[in-house]
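All remarks here apply to the structure that follows.
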Amino acid sequence: MSKVQVHIYDLSKGLAAQLSPLFLGKQINGIWHTGIVVRGTEYFFGGMGIEYCPPGGTILGPPDKIEDIGVTEVPEDLFYEYLVDLGPQFTPEKYNLLDHNCNNFSNEVAQFLTGNPIPSYITNLPAEVLATPFGAQLRPFLEMMSGPGGGTPVSNLQDSGSAPQN
């Protein structure tokens, strides 16, 4: 069995917590990017689709929080096959900051590996922000934003047929 964690990064670097009451009229503690860590590798949905890197090795630096999701008994080769099969659903062209993002990817992978979702304060954040008047006005701008990168595309696993080399 292998431990599964979610690495949580605040893209706002604390500004959301400071400014959200003023702009949104409610407290938002961060603008979250997540990656799933299993067997010593972090997997996330970013600028090149599904990517991987050493834990904390994204362009965002070390995570702000790490939460245990559970343990997995999914064999490594089945997990890599799953990621490759998931690839067409998580391409750069399909990335949407509000509706189809790194957190949706992390949630799907966490549930595949453990049966448990990532924390709901992360997955509910877009709806929470858009429910405010200012959030609704920001929607067109937010939809144009793309996700962080800095990893290696998982599609490279299909070519090598082996585990990621960090």
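The way I read the labels, and the way they are meant: chains A, B, ... in the order of the structure tokens, residue 1 as the first residue of every chain, and ligand 1 as the first ligand shown, with later ones counted on from there.
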
As a PDB file with C-alpha atoms, in the first residue's frame, please: the residues near Ile50 in chain A (cut-off 7 Å, only C-alpha atoms, same-chain neighbours under 6 positions excluded).
```
ATOM      1  CA  PHE A  44      -1.044  17.634 -11.675  1.00  0.00           C
ATOM      2  CA  GLY A  87      -4.821  12.334 -20.876  1.00  0.00           C
ATOM      3  CA  PHE A  90      -6.981  16.868 -19.502  1.00  0.00           C
ATOM      4  CA  PRO A 153       3.933  15.631 -19.573  1.00  0.00           C
ATOM      5  CA  VAL A 154       2.540  12.256 -18.510  1.00  0.00           C
TER       6      VAL A 154
END
```

| Got a sec: who's within 6 Å of Ile31 in chain A, counting only C-alpha atoms, leaving out chain neighbours fewer than 6 positions off, as a PyMOL selection string? | chain A and resi 10-12

| task | Tell me, in Å to one decimal, how far CA of Leu24 in chain A is from CA of Ser120 in chain A. | result | 19.4 Å

| said: I need the strand (DSSP E or B) residues of chain A per DSSP on the backbone, written as a count of residues only. | reply: 39

| message | Between CA of Phe45 in chain A and CA of Ser106 in chain A, what is the distance in Å, rounded to a tenth? | response | 7.8 Å

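The nearest approach to Gly46 in chain A among the residues A:Cys102, A:Ala136, A:Leu22, A:Ile122, with only C-alpha atoms taken into account, belongs to A:Cys102.
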
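The list of residues with at least one atom within 7 Å of range 61-63 of chain A, based on only C-alpha atoms and without residues fewer than 2 positions apart in the same chain, reads His7, Ile8, Tyr9, Gly56, Gly57, Thr58, Ile59, Lys65 and Ile66 of chain A.
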
Using the selection just defined, write its residues with N, CA and C atoms as a CSV table (one decimal), in the first residue's frame.
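Below is the file result_14.csv, written as the result:
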```csv
chain,number,residue,atom,x,y,z
A,7,HIS,N,-1.0,17.9,-2.4
A,7,HIS,CA,-0.2,19.1,-2.2
A,7,HIS,C,-1.0,20.3,-2.6
A,8,ILE,N,-1.1,21.2,-1.7
A,8,ILE,CA,-2.0,22.4,-1.9
A,8,ILE,C,-1.1,23.7,-2.0
A,9,TYR,N,-1.3,24.4,-3.0
A,9,TYR,CA,-0.5,25.7,-3.2
A,9,TYR,C,-1.5,26.8,-3.3
A,56,GLY,N,6.6,18.8,-4.7
A,56,GLY,CA,7.0,20.2,-4.5
A,56,GLY,C,7.8,20.8,-5.6
A,57,GLY,N,8.0,20.1,-6.7
A,57,GLY,CA,8.9,20.5,-7.8
A,57,GLY,C,8.2,21.3,-8.9
A,58,THR,N,7.0,21.8,-8.7
A,58,THR,CA,6.3,22.6,-9.7
A,58,THR,C,7.0,24.0,-9.6
A,59,ILE,N,6.6,24.9,-10.6
A,59,ILE,CA,7.2,26.2,-10.6
A,59,ILE,C,6.7,27.0,-9.4
A,65,LYS,N,0.3,23.6,2.0
A,65,LYS,CA,-0.3,22.6,2.8
A,65,LYS,C,-0.1,21.2,2.2
A,66,ILE,N,-0.1,20.2,3.0
A,66,ILE,CA,-0.1,18.8,2.6
A,66,ILE,C,-1.2,18.1,3.4
```

| Got a sec to tell me which of range 36-165 of chain A DSSP assigns to alpha helix (DSSP H), as number ranges by chain? | A: 76-86, 102-114, 120-123, 125-130, 133-143, 155-160

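With only C-alpha atoms as the atoms that count, the minimum distance from Tyr121 in chain A to the choices A:Asn29, A:Phe23, A:Phe141, A:Gly14 is reached by A:Asn29.
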
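When the distance limit is 12 Å and only C-alpha atoms are what count, the residues near Pro88 in chain A, minus those fewer than 5 positions from it on the same chain, are Phe45, Met48, Gly49, Ile50, Tyr82, Leu83, Glu93, Lys94, Tyr95, Val154 and Ser155 of chain A.
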
| task | Identify, on the basis of only C-alpha atoms, every residue whose closest approach to Pro119 in chain A does not exceed 10 Å; exclude the query and any residue fewer than 5 positions from it along the same chain; express the result as a ChimeraX atom specification. | result | /A:6,67,69,103,107,124

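With only C-alpha atoms as the atoms that count, the minimum distance from Val74 in chain A to the choices A:Leu113, A:Leu19, A:Met144, A:Cys53 is reached by A:Leu113.
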
List the spatial neighbours of Val109 in chain A as a compact mmCIF listing (two decimals) with N, CA, C and O atoms, in the first residue's frame - criterion: any atom at most 10 Å away, only C-alpha atoms, same-chain residues fewer than 4 positions off excluded.
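What ended up in result-v6.txt:
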```txt
# COMPACT_ATOMS: atom_id res chain seq x y z
N VAL A 4 -1.25 8.35 -0.20
CA VAL A 4 -1.64 9.33 -1.21
C VAL A 4 -1.90 10.66 -0.50
O VAL A 4 -2.64 10.70 0.49
N GLY A 35 -1.87 19.13 -6.50
CA GLY A 35 -1.26 17.99 -7.16
C GLY A 35 -1.40 16.78 -6.25
O GLY A 35 -1.45 16.93 -5.03
N ILE A 36 -1.46 15.61 -6.83
CA ILE A 36 -1.56 14.37 -6.06
C ILE A 36 -0.17 13.74 -5.99
O ILE A 36 0.49 13.58 -7.02
N TYR A 43 1.65 14.51 -9.35
CA TYR A 43 0.93 14.56 -10.62
C TYR A 43 -0.06 15.72 -10.56
O TYR A 43 -0.75 15.90 -9.55
N PHE A 44 -0.15 16.48 -11.66
CA PHE A 44 -1.04 17.63 -11.67
C PHE A 44 -1.44 17.95 -13.11
O PHE A 44 -0.84 17.47 -14.07
N PHE A 79 -1.98 2.38 -12.58
CA PHE A 79 -2.09 3.82 -12.37
C PHE A 79 -1.56 4.58 -13.58
O PHE A 79 -2.18 5.53 -14.06
N TYR A 82 -3.98 4.34 -16.34
CA TYR A 82 -5.10 5.24 -16.04
C TYR A 82 -4.75 6.67 -16.43
O TYR A 82 -5.55 7.37 -17.07
N LEU A 83 -3.56 7.13 -16.06
CA LEU A 83 -3.15 8.51 -16.38
C LEU A 83 -3.09 8.73 -17.89
O LEU A 83 -3.53 9.77 -18.39
N LEU A 86 -6.52 8.94 -19.17
CA LEU A 86 -7.14 10.19 -18.73
C LEU A 86 -6.63 11.39 -19.54
O LEU A 86 -7.30 12.42 -19.63
N ASN A 103 -7.61 21.14 -9.87
CA ASN A 103 -8.32 20.57 -8.72
C ASN A 103 -9.32 19.50 -9.15
O ASN A 103 -9.51 18.51 -8.43
N ASN A 104 -9.94 19.67 -10.31
CA ASN A 104 -10.80 18.62 -10.85
C ASN A 104 -9.98 17.37 -11.15
O ASN A 104 -10.40 16.25 -10.83
N PHE A 105 -8.80 17.57 -11.73
CA PHE A 105 -7.90 16.45 -11.99
C PHE A 105 -7.49 15.76 -10.69
O PHE A 105 -7.59 14.54 -10.57
N LEU A 113 -7.49 6.47 -6.86
CA LEU A 113 -6.49 5.80 -6.04
C LEU A 113 -7.01 5.35 -4.68
O LEU A 113 -6.61 4.29 -4.19
N THR A 114 -7.88 6.16 -4.06
CA THR A 114 -8.25 5.89 -2.66
C THR A 114 -9.75 5.77 -2.42
O THR A 114 -10.15 5.32 -1.35
N GLY A 115 -10.56 6.25 -3.35
CA GLY A 115 -12.00 6.33 -3.12
C GLY A 115 -12.41 7.59 -2.37
O GLY A 115 -13.59 7.82 -2.14
N ASN A 116 -11.43 8.43 -2.02
CA ASN A 116 -11.69 9.65 -1.26
C ASN A 116 -11.44 10.89 -2.12
O ASN A 116 -10.48 10.93 -2.88
N PRO A 117 -12.29 11.93 -1.96
CA PRO A 117 -12.07 13.17 -2.70
C PRO A 117 -11.02 14.05 -2.02
O PRO A 117 -10.64 13.81 -0.87
N ILE A 118 -10.57 15.07 -2.74
CA ILE A 118 -9.75 16.10 -2.10
C ILE A 118 -10.70 17.00 -1.29
O ILE A 118 -11.92 16.93 -1.47
```

| request: Would you kindly return, as a list in words, each protein, DNA or RNA residue with an atom no farther than 10 Å from any atom of Ala127 in chain A, considering only C-alpha atoms and excluding same-chain residues fewer than 5 positions away? | output: Leu98, Asp99, Thr132, Gly135 and Ala136 of chain A
